[in-house]
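A short write-up of the structure that comes next.
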Amino acid sequence: MKQLILSLALFLRKSKRYRAIKESVRDMLTNSNNPYKRFFDAFIIFLIITSVFILIYEVKHPVPQWLDNYDIYFVSFVFLVEYLLRLWIHTDLMKYIVDEYHDSQFLHREFELWPVMKYGVKEKLKYMITPAAIIDLLAIFPAYRPLRVLRIFVLFRVLKLLRYTKSIHQFVEVISNKRFELLTLLFLLVFIVMTAGIAIYILEEHINPKIETLFDSIYWALITISTVGYGDISPVTDAGRMISMLIIISGIAMISFATSVIVSAFSERLHELKENRIVEQINKSRSFLIICGYGQMTKMFFRQRRKTIDNYIILDKDPKLVEDARKDGYQAIVEDASRFETLRKFNVEHSNITILCLTRSDVENIYITLNAKSISRKIKVIARVNDMNIVSKFEYAGADHLLMPNQVANTMIRTAITQPTMYKAIHAILTGKSVARIDEIHVHEKHSIVDKSIAELNFKSSKLLLIGVERDGEFLFNPLPTERIRSYDILLVMGRQISLDYFNEKHEGG
Amino acid sequence: MAAQSILLFGYGSHGRFIAGGLHEDGFKIKIVESNSDYYEQAKEDGYIDVEYIDVTNDSILQALNPQNFEQLVCVMEDEHLNVFLTLSLRSLFKESYILSISDSIHTTKKLKMAGADKVIDLYEVSANKIYNILQRPVSTKILERIVIDRNGITFSETLVPKGSFLQDTMTDDLDLAPYGILLIGMIDEELGHTFMFITTGINHRIDEGDTLVCIGPKEKLDAFEEALKKERKE
């Protein structure tokens with residue numbers, strides 16, 4: 001038996017496929033950035049809602065057999081599978097066994113299976129007693145119709161929704177942050193209710209026909225303190241009325257206290273919740289920009305190109321600047337982009353991210369660059385460099401593009417003085433504002449222009465000017481008409497936007 | 001190109017670079033500074049025609065005779081001073097061509113109001129560049145190489161001389177392939193002194209006095225210019 005479990009553990013530990021499957025299940029169940037999680041969540045929510053709907057419907061109407069079967073077998077089965085999967089991915093039992101085996105081999109002691117199994121099962125049990133897991137477990141029980149009380153289990157399915165709806169989740173989180181205040185309040189409430197309940201029981205049990213047991217009096221105390229006051233039980237003696245008055249006043253105080261605790265908890269976290277929402281929203285898009293720093297450069301960047309930028313988020317350490325950005329109508333959050341946790345929040349795995357480091361400080365820009373690159377090489381970084389002497393440092397840090405505002409401006413001024421016409425041309429091309437813009441056509445494998453010669457393509461007839469071709473990192477200026485286009489070439493053409501669009505349309509795909 | 005003379009105000013981070021570039025291109029420059037450190041720096045870098053003056057004083061400015069220079073370039077480190085200087089120069093010398101640098105959106109507006117003929121906004125050009133990097137990374141890289149490296153592929157402006165063989169040719173028929181260069185645009189004197197791109201699709205007639213803007217390797221552009229000067233229309 002021991003040998004069998006051990007060899008199974010060793011086998012599973014080695015199996016790449018087993019690990020890959022486990023990893024993908026874990027990702028789908030727990031990683032909110034996983035694109036499939038949305039569908040899975042929607043499916044579970046659908047099951048819950050139909051199940052509750054059936055419960056309500058059958059109160060007055062007979063339910064068809066298939067619907068009953070669906071509710072009892074299918075939904076329960078899916079929930080059971082989900083529960084087991086969650087239990088499975090929570091910890092890795094096999095890892096404990098294998099580790100223990102290796103340790104004992106290393107120390108030349110006899111391998112004991114049971115202690116490690118006990119430890120592993122204990123870990124699983126720890127998961128099983130978390131509230132979420134208990135709800136999941138109870139939600140599996142189907143509504144056994146003959147026993148009416150058991151139907152209440154269906155309501156656990158409603159509670160299961162907690163896991164699948166983010167806003168409720170956040171609500172619970174906010175409330176649980178104020179655990180101490182709320183627990184104090186609850187303790188006080190229990191204390192007052194018990195005292196008042198016992199007092200009224202002693203004072204009125206013989207006189208008041210409505211109060212027969214201690215439960216009656218405690219029920220009365222709670223109804224009174226909460227200011228609900230059904231009026232089914234009411235005090236009849238002066239002493240009893242005195243007690244009522246006292247607990248009504250303390251009740252009002254307590255309710256306002258509870259309200260203020262919850263409201264303050266929310267207003268404290270509101271900011272953060274809002275920012276999390278923005279991050280979540282942006283994480284859904286397939287490619288987006290993270291702009292670090294809301295200074296002159298960022299403002300200018302937006303002022304120039306506001307319409308063409310959809311997916312972006314601005315990060316700045318300074319709450320004042322973020323406030324400014326929001327007032328200007330941009331999506332901004334207070335975050336320090338040089339912190340590892342900050343960039344980790346973004347969906348690095350599933351989206352293309354470009355980071356613009358536009359802060360005033362070179363040190364900070366370098367730090368952000370390194371930070372981004374350490375999280376994933378896939379993140380593209382465009383960094384602003386103020387001091388020309390540290391360009392090489394940025395290159396070491398792995399920045400994909402460098403932006404040197406001083407150098408750009410200096411070159412422009414020099415050009416403006418020495419070659420005024422050329423300045424106009426370059427300015428027009430760079431800003432793309434006028435009739436001429438330079439654009440690049442990325443030739444992919446299936447592009448219809450592959451293998452055609454430049455003469456055949458006849459750029460002149462499309463009112464385009466072919467400036468050159470970038471091939472394998474080299475730039476061929478003004479290639480000969482006999483030159484043939486290859487896959488992955490990048491053509492640099494100049495012309496009006498409509499000419500470019502037309503050319504693309506004519507040759508796209510193919 | 002004839003050696004133009006430039007009056008450069010400011011020898012800070014921008015001024016230093018611009019002075020170097022202009023010197024390389026064979027311009028005559030006079031540097032004016034009001035900051036002693038920058039003044040010393042200019043002297044150290046080997047510029048002879050450097051003046052250390054108070055630029056807020058009108059009579060001293062007048063003594064510089066800015067009307068003898070083709071362009072006045074204001075790139076003082078202190079942006080307040082730069083705006084003030086632009087304003088003084090404009091009020092004193094109505095005819096001069098003034099070029100200023102700005103490093104904020106607000107300053108750009110002020111400089112234009114102060115009467116600068118051209119304002120280069122540090123942030124505007126940079127913001128454009130970010131956008132270009134995002135949208136067209138390859139062309140940005142290549143254009144940059146064209147602008148910065150003046151010995152490889154570059155732009156040139158060529159004046160069409162009198163009696164040139166190009167005269168009366170329509171731009172659509174113009175074939176510069178033998179020269180290995182590309183015509184990207186021209187300034188047509190008939191249509192006013194405005195720059196037009198060749199790709200706008202309008203057929204221009206080339207006349208004497210027009211300026212052709214071409215792109216190509218430096219030596220080929222030079223060869224083309226030579227040819228234009230020599231070859232006459234039969």
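In the structure tokens, chains take the letters A, B, ... in the order shown, each chain's residues start at 1, and ligands count up from 1 in the order shown.
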
Excluding Ser5 of chain B and residues on its chain fewer than 3 positions from it, collect all residues at most 8 Å away from it, counting only C-alpha atoms, and give them as a ChimeraX atom specification. /B:27-30,69-71

Please identify which residues in segment 82-208 of chain B DSSP calls strand (DSSP E or B) from the backbone, and express them as a ChimeraX atom specification. /B:97-102,118-121,153-159,164,170,182-188,194-197,205

Please save N, CA and C atoms of the selected residues as a short mmCIF file (atom, residue, chain, number, x, y, z; two decimals), in the first residue's frame.
```
data_model
loop_
_atom_site.label_atom_id
_atom_site.label_comp_id
_atom_site.auth_asym_id
_atom_site.auth_seq_id
_atom_site.Cartn_x
_atom_site.Cartn_y
_atom_site.Cartn_z
N TYR B 97 13.92 87.57 -38.08
CA TYR B 97 13.28 86.26 -37.95
C TYR B 97 13.70 85.68 -36.60
N ILE B 98 12.72 85.45 -35.74
CA ILE B 98 13.05 85.00 -34.39
C ILE B 98 12.55 83.57 -34.16
N LEU B 99 13.46 82.73 -33.70
CA LEU B 99 13.12 81.34 -33.39
C LEU B 99 13.36 81.11 -31.90
N SER B 100 12.37 80.54 -31.22
CA SER B 100 12.52 80.34 -29.77
C SER B 100 12.22 78.90 -29.39
N ILE B 101 12.77 78.52 -28.26
CA ILE B 101 12.46 77.18 -27.73
C ILE B 101 11.55 77.35 -26.52
N SER B 102 10.68 76.38 -26.34
CA SER B 102 9.77 76.46 -25.21
C SER B 102 9.77 75.13 -24.51
N LYS B 118 8.91 81.40 -35.06
CA LYS B 118 8.74 79.95 -34.94
C LYS B 118 9.07 79.54 -33.52
N VAL B 119 8.21 78.71 -32.95
CA VAL B 119 8.45 78.22 -31.60
C VAL B 119 8.55 76.71 -31.66
N ILE B 120 9.61 76.19 -31.12
CA ILE B 120 9.73 74.74 -31.06
C ILE B 120 9.45 74.31 -29.64
N ASP B 121 8.42 73.55 -29.48
CA ASP B 121 7.99 73.12 -28.16
C ASP B 121 8.61 71.77 -27.85
N ILE B 153 21.79 58.51 -45.53
CA ILE B 153 20.66 58.98 -46.32
C ILE B 153 20.14 60.26 -45.69
N THR B 154 19.90 61.26 -46.50
CA THR B 154 19.48 62.53 -45.93
C THR B 154 18.56 63.30 -46.88
N PHE B 155 18.07 64.40 -46.39
CA PHE B 155 17.23 65.27 -47.21
C PHE B 155 18.11 66.34 -47.86
N SER B 156 17.66 66.89 -48.96
CA SER B 156 18.36 68.05 -49.48
C SER B 156 17.38 68.98 -50.16
N GLU B 157 17.73 70.24 -50.19
CA GLU B 157 16.91 71.22 -50.90
C GLU B 157 17.74 71.71 -52.07
N THR B 158 17.20 71.63 -53.26
CA THR B 158 17.95 72.06 -54.43
C THR B 158 17.14 73.10 -55.19
N LEU B 159 17.77 74.20 -55.43
CA LEU B 159 17.13 75.27 -56.18
C LEU B 159 17.28 74.97 -57.68
N SER B 164 17.70 75.36 -66.50
CA SER B 164 18.01 73.98 -66.14
C SER B 164 17.27 73.01 -67.06
N MET B 170 6.96 68.17 -66.04
CA MET B 170 5.91 67.98 -65.05
C MET B 170 6.44 66.99 -64.00
N LEU B 182 15.10 60.16 -54.46
CA LEU B 182 13.65 60.29 -54.54
C LEU B 182 13.25 61.74 -54.32
N LEU B 183 12.29 62.19 -55.12
CA LEU B 183 11.75 63.53 -54.92
C LEU B 183 10.56 63.40 -53.98
N ILE B 184 10.60 64.10 -52.85
CA ILE B 184 9.45 63.97 -51.95
C ILE B 184 8.55 65.20 -51.95
N GLY B 185 9.09 66.30 -52.41
CA GLY B 185 8.23 67.48 -52.43
C GLY B 185 8.96 68.67 -53.03
N MET B 186 8.25 69.78 -53.15
CA MET B 186 8.89 70.95 -53.74
C MET B 186 8.20 72.22 -53.26
N ILE B 187 8.92 73.31 -53.42
CA ILE B 187 8.30 74.60 -53.17
C ILE B 187 8.09 75.25 -54.52
N ASP B 188 6.85 75.44 -54.87
CA ASP B 188 6.53 76.01 -56.17
C ASP B 188 6.32 77.51 -55.99
N THR B 194 4.95 77.89 -50.57
CA THR B 194 4.53 76.83 -49.66
C THR B 194 5.10 75.50 -50.10
N PHE B 195 5.32 74.69 -49.12
CA PHE B 195 5.89 73.38 -49.40
C PHE B 195 4.78 72.40 -49.74
N MET B 196 5.02 71.64 -50.81
CA MET B 196 4.01 70.65 -51.19
C MET B 196 4.63 69.28 -51.34
N PHE B 197 3.93 68.28 -50.84
CA PHE B 197 4.43 66.93 -51.00
C PHE B 197 4.05 66.41 -52.38
N ARG B 205 4.34 71.88 -62.52
CA ARG B 205 5.33 72.19 -63.54
C ARG B 205 6.54 72.81 -62.84
#
```

Contacts of His23 of chain B at 12 Å or less, counting only C-alpha atoms, minus same-chain residues fewer than 6 places along, as a PyMOL selection string? (chain A and resi 414+417-418) or (chain B and resi 3-6+8+15-17+29-31+45-48)

Tell me, as a list of chain:residue names, which residues lie within 10 Å of Thr195 of chain A, counting only C-alpha atoms; anything in the same chain fewer than 4 positions away does not count. A:Leu189, A:Val190, A:Phe191, A:Ala199, A:Ile200, A:Tyr201, A:Ile218, A:Ala221, A:Ile243, A:Ile247

Would you kindly report the residues of chain A within 8 Å of chain B, using only C-alpha atoms, as a PyMOL selection string? chain A and resi 296-298+300-301+304-305+382+401+403-406+408-414+417-419+421-422+424-425+430-431+435-436+438-440+463-465+467+470+475+477-478+490+492+494-496

Could you pull out the residues in segment 7-191 of chain B that DSSP calls helix (DSSP H, G or I) from the backbone, as a ChimeraX atom specification? /B:13-24,36-44,58-63,66-68,79-92,105-114,122-135,137-148,177-179

Once you have the residues from the selection above, write them out as a tab-separated table (two decimals), in the first residue's frame, restricted to C-alpha atoms.
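Written output follows (result17.tsv):
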```
chain	number	residue	atom	x	y	z
B	13	SER	CA	21.97	72.69	-22.66
B	14	HIS	CA	20.18	73.56	-25.89
B	15	GLY	CA	22.40	76.40	-27.01
B	16	ARG	CA	25.53	74.34	-26.72
B	17	PHE	CA	24.21	71.58	-28.92
B	18	ILE	CA	22.78	73.98	-31.48
B	19	ALA	CA	25.98	76.00	-31.65
B	20	GLY	CA	27.94	72.82	-32.28
B	21	GLY	CA	25.58	71.74	-35.04
B	22	LEU	CA	25.54	75.12	-36.73
B	23	HIS	CA	29.29	75.38	-36.58
B	24	GLU	CA	29.55	71.99	-38.24
B	36	SER	CA	28.70	83.87	-16.52
B	37	ASP	CA	29.05	80.10	-16.20
B	38	TYR	CA	27.59	79.47	-19.64
B	39	TYR	CA	29.64	82.34	-21.01
B	40	GLU	CA	32.84	80.73	-19.71
B	41	GLN	CA	31.72	77.40	-21.13
B	42	ALA	CA	31.28	78.94	-24.58
B	43	LYS	CA	34.71	80.50	-24.41
B	44	GLU	CA	36.18	77.19	-23.30
B	58	ASP	CA	17.35	97.42	-24.71
B	59	SER	CA	20.25	99.70	-25.59
B	60	ILE	CA	22.72	96.86	-25.20
B	61	LEU	CA	20.56	94.67	-27.42
B	62	GLN	CA	20.46	97.39	-30.02
B	63	ALA	CA	24.24	97.59	-29.93
B	66	PRO	CA	20.59	92.02	-34.78
B	67	GLN	CA	19.37	93.31	-38.13
B	68	ASN	CA	22.66	92.11	-39.60
B	79	GLU	CA	12.28	80.47	-19.74
B	80	HIS	CA	11.09	83.76	-18.26
B	81	LEU	CA	14.15	85.46	-19.63
B	82	ASN	CA	13.60	83.76	-22.94
B	83	VAL	CA	10.07	85.14	-23.27
B	84	PHE	CA	11.23	88.58	-22.20
B	85	LEU	CA	14.08	88.50	-24.69
B	86	THR	CA	11.80	87.42	-27.52
B	87	LEU	CA	9.46	90.28	-26.70
B	88	SER	CA	12.29	92.84	-26.54
B	89	LEU	CA	13.77	91.66	-29.82
B	90	ARG	CA	10.43	91.77	-31.56
B	91	SER	CA	9.64	95.28	-30.35
B	92	LEU	CA	13.07	96.55	-31.30
B	105	ILE	CA	2.63	74.46	-23.13
B	106	HIS	CA	2.05	77.81	-21.49
B	107	THR	CA	5.37	79.21	-22.59
B	108	THR	CA	4.68	78.29	-26.19
B	109	LYS	CA	1.61	80.47	-26.19
B	110	LYS	CA	3.47	83.33	-24.54
B	111	LEU	CA	6.34	83.13	-26.99
B	112	LYS	CA	3.94	83.28	-29.90
B	113	MET	CA	2.23	86.28	-28.37
B	114	ALA	CA	5.64	87.84	-27.80
B	122	LEU	CA	10.18	70.60	-26.45
B	123	TYR	CA	7.21	68.64	-25.18
B	124	GLU	CA	5.25	68.78	-28.36
B	125	VAL	CA	7.99	67.26	-30.44
B	126	SER	CA	8.65	64.63	-27.79
B	127	ALA	CA	5.01	63.77	-27.43
B	128	ASN	CA	4.81	63.33	-31.16
B	129	LYS	CA	7.75	61.08	-31.04
B	130	ILE	CA	6.22	58.80	-28.42
B	131	TYR	CA	3.17	58.47	-30.58
B	132	ASN	CA	5.30	57.70	-33.60
B	133	ILE	CA	7.25	55.06	-31.72
B	134	LEU	CA	4.01	53.41	-30.74
B	135	GLN	CA	2.41	53.56	-34.15
B	137	PRO	CA	8.41	52.03	-34.83
B	138	VAL	CA	10.42	51.24	-37.95
B	139	SER	CA	9.79	54.44	-39.85
B	140	THR	CA	10.50	56.49	-36.74
B	141	LYS	CA	13.84	54.81	-36.33
B	142	ILE	CA	14.75	55.34	-39.96
B	143	LEU	CA	13.59	58.94	-40.08
B	144	GLU	CA	15.58	59.64	-36.99
B	145	ARG	CA	18.64	58.20	-38.59
B	146	ILE	CA	18.00	60.42	-41.61
B	147	VAL	CA	17.69	63.54	-39.47
B	148	ILE	CA	20.60	62.91	-37.14
B	177	ALA	CA	15.90	56.98	-60.95
B	178	PRO	CA	19.22	57.44	-62.76
B	179	TYR	CA	20.36	59.62	-59.88
```

Residue with smallest distance to Leu6 of chain A - pool A:Val63, A:Leu125, A:Val116, A:Ile248, counting only C-alpha atoms: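 Using only C-alpha atoms, the shortest distance to Leu6 of chain A belongs to A:Val116.
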
Which neighbours of segment 227-229 of chain B fall inside 8 Å, counting only C-alpha atoms, when residues of the same chain fewer than 5 positions from it are skipped, and could you give them as a ChimeraX atom specification? /B:160-161,164-166

Which neighbours of Asn33 of chain A fall inside 8 Å, counting only C-alpha atoms, when residues of the same chain fewer than 5 positions from it are skipped, and could you give them as a PyMOL selection string? chain A and resi 283-284+347+350
